[in-house]
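Enquirer: Encoded as structure tokens, here's the structure I'll be asking about.
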Amino acid sequence: MLELGKVGSHGRPNAEAPVLRDGAVIAVLRASNWREAATAVIEGREWVFGKRQGRLTARWAAEPEDVVRMSASQTSFWKGTWLVDLEGMPVEVTSVSMWRSSRRYVSGGRQVGESGSTGGWSPRPALSADDSVALHQQVFLLWMELVLNRRNTAAIGAATSAAVIGGST
């Protein structure tokens, strides 16, 4: 299982979050706080994750900006479903439950992964995936979980603020 560690932990600088497997750092993620963008160093290769034309995308840092190696597109806002392309491997992403932020990853009718979160006051994304999903693809999915969790938190905050502002007399 992969999990996103706390920013600045495990000997990483303050701007970097370690990606952990069984407590060991296997990759590093530098996520932007203001944009849906990040850089990751996975097995010595630098990746650029971002949002382009409504899709979450990934490419090697050395490649031109228009190259897309992996991508994720939302297929239904209401159902929260996504279609991910992991270098030619299509993966359908569905919510496990309306009440939990966990997601199920299915490719070719077979479940290849499931997301969750670490416990505690400040939960962080976690991902369990089988061996058919390469490490760099798992890190992309983990970053996607981070983005979706941030979107959900922002939407809840906006709805709560609107209710407080509009609801008090």
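Convention: chains lettered A, B, ... in structure tokens order; per-chain residue numbering from 1; ligands numbered from 1 as shown.
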Write out as JSON, numbers by chain all residues of stretch 8-169 of chain A that DSSP puts in strand (DSSP E) for this structure's backbone.
Expert: {"A": [17, 18, 19, 20, 21, 24, 25, 26, 27, 28, 29, 30, 31, 38, 39, 40, 41, 42, 45, 46, 47, 48, 49, 50, 51, 52, 55, 56, 57, 58, 59, 60, 70, 71, 72, 73, 74, 75, 76, 81, 82, 83, 84, 85, 86, 89, 90, 91, 92, 93, 94, 95, 103, 104, 105, 106, 107, 110, 111, 112, 113, 114, 115, 116, 117, 125, 126, 127, 128, 129]}
Enquirer: Give me the residues within 8 Å of stretch 105-114 of chain A as a VMD selection string, counting only C-alpha atoms and dropping any in the same chain fewer than 4 places off.
Expert: chain A and resid 89 to 94 127 to 130 132 to 133
Enquirer: Restricting the calculation to only C-alpha atoms, which member of A:Ala61, A:Ala17, A:Leu146, A:Met70 is positioned closest to A:Leu83?
Expert: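 The closest residue to A:Leu83 is A:Met70.
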Enquirer: Based on the backbone DSSP call, show me all residues of stretch 1-162 of chain A assigned alpha helix (DSSP H), as a PyMOL selection string.
Expert: chain A and resi 135-162
Enquirer: List every residue of stretch 25-110 of chain A that has an atom at most 10 Å from any atom of stretch 1-4 of chain A, and for each one report the closest atom pair and its distance in Å to one decimal, counting only C-alpha atoms, with rows sorted by chain and then by increasing residue number, as a tab-separated table.
Expert:
residue	atom	partner	partner_atom	distance
A:Val25	CA	A:Leu4	CA	9.6
A:Ile26	CA	A:Leu2	CA	9.0
A:Ala27	CA	A:Leu4	CA	9.5
A:Val28	CA	A:Leu4	CA	9.0
A:Leu29	CA	A:Leu4	CA	8.4
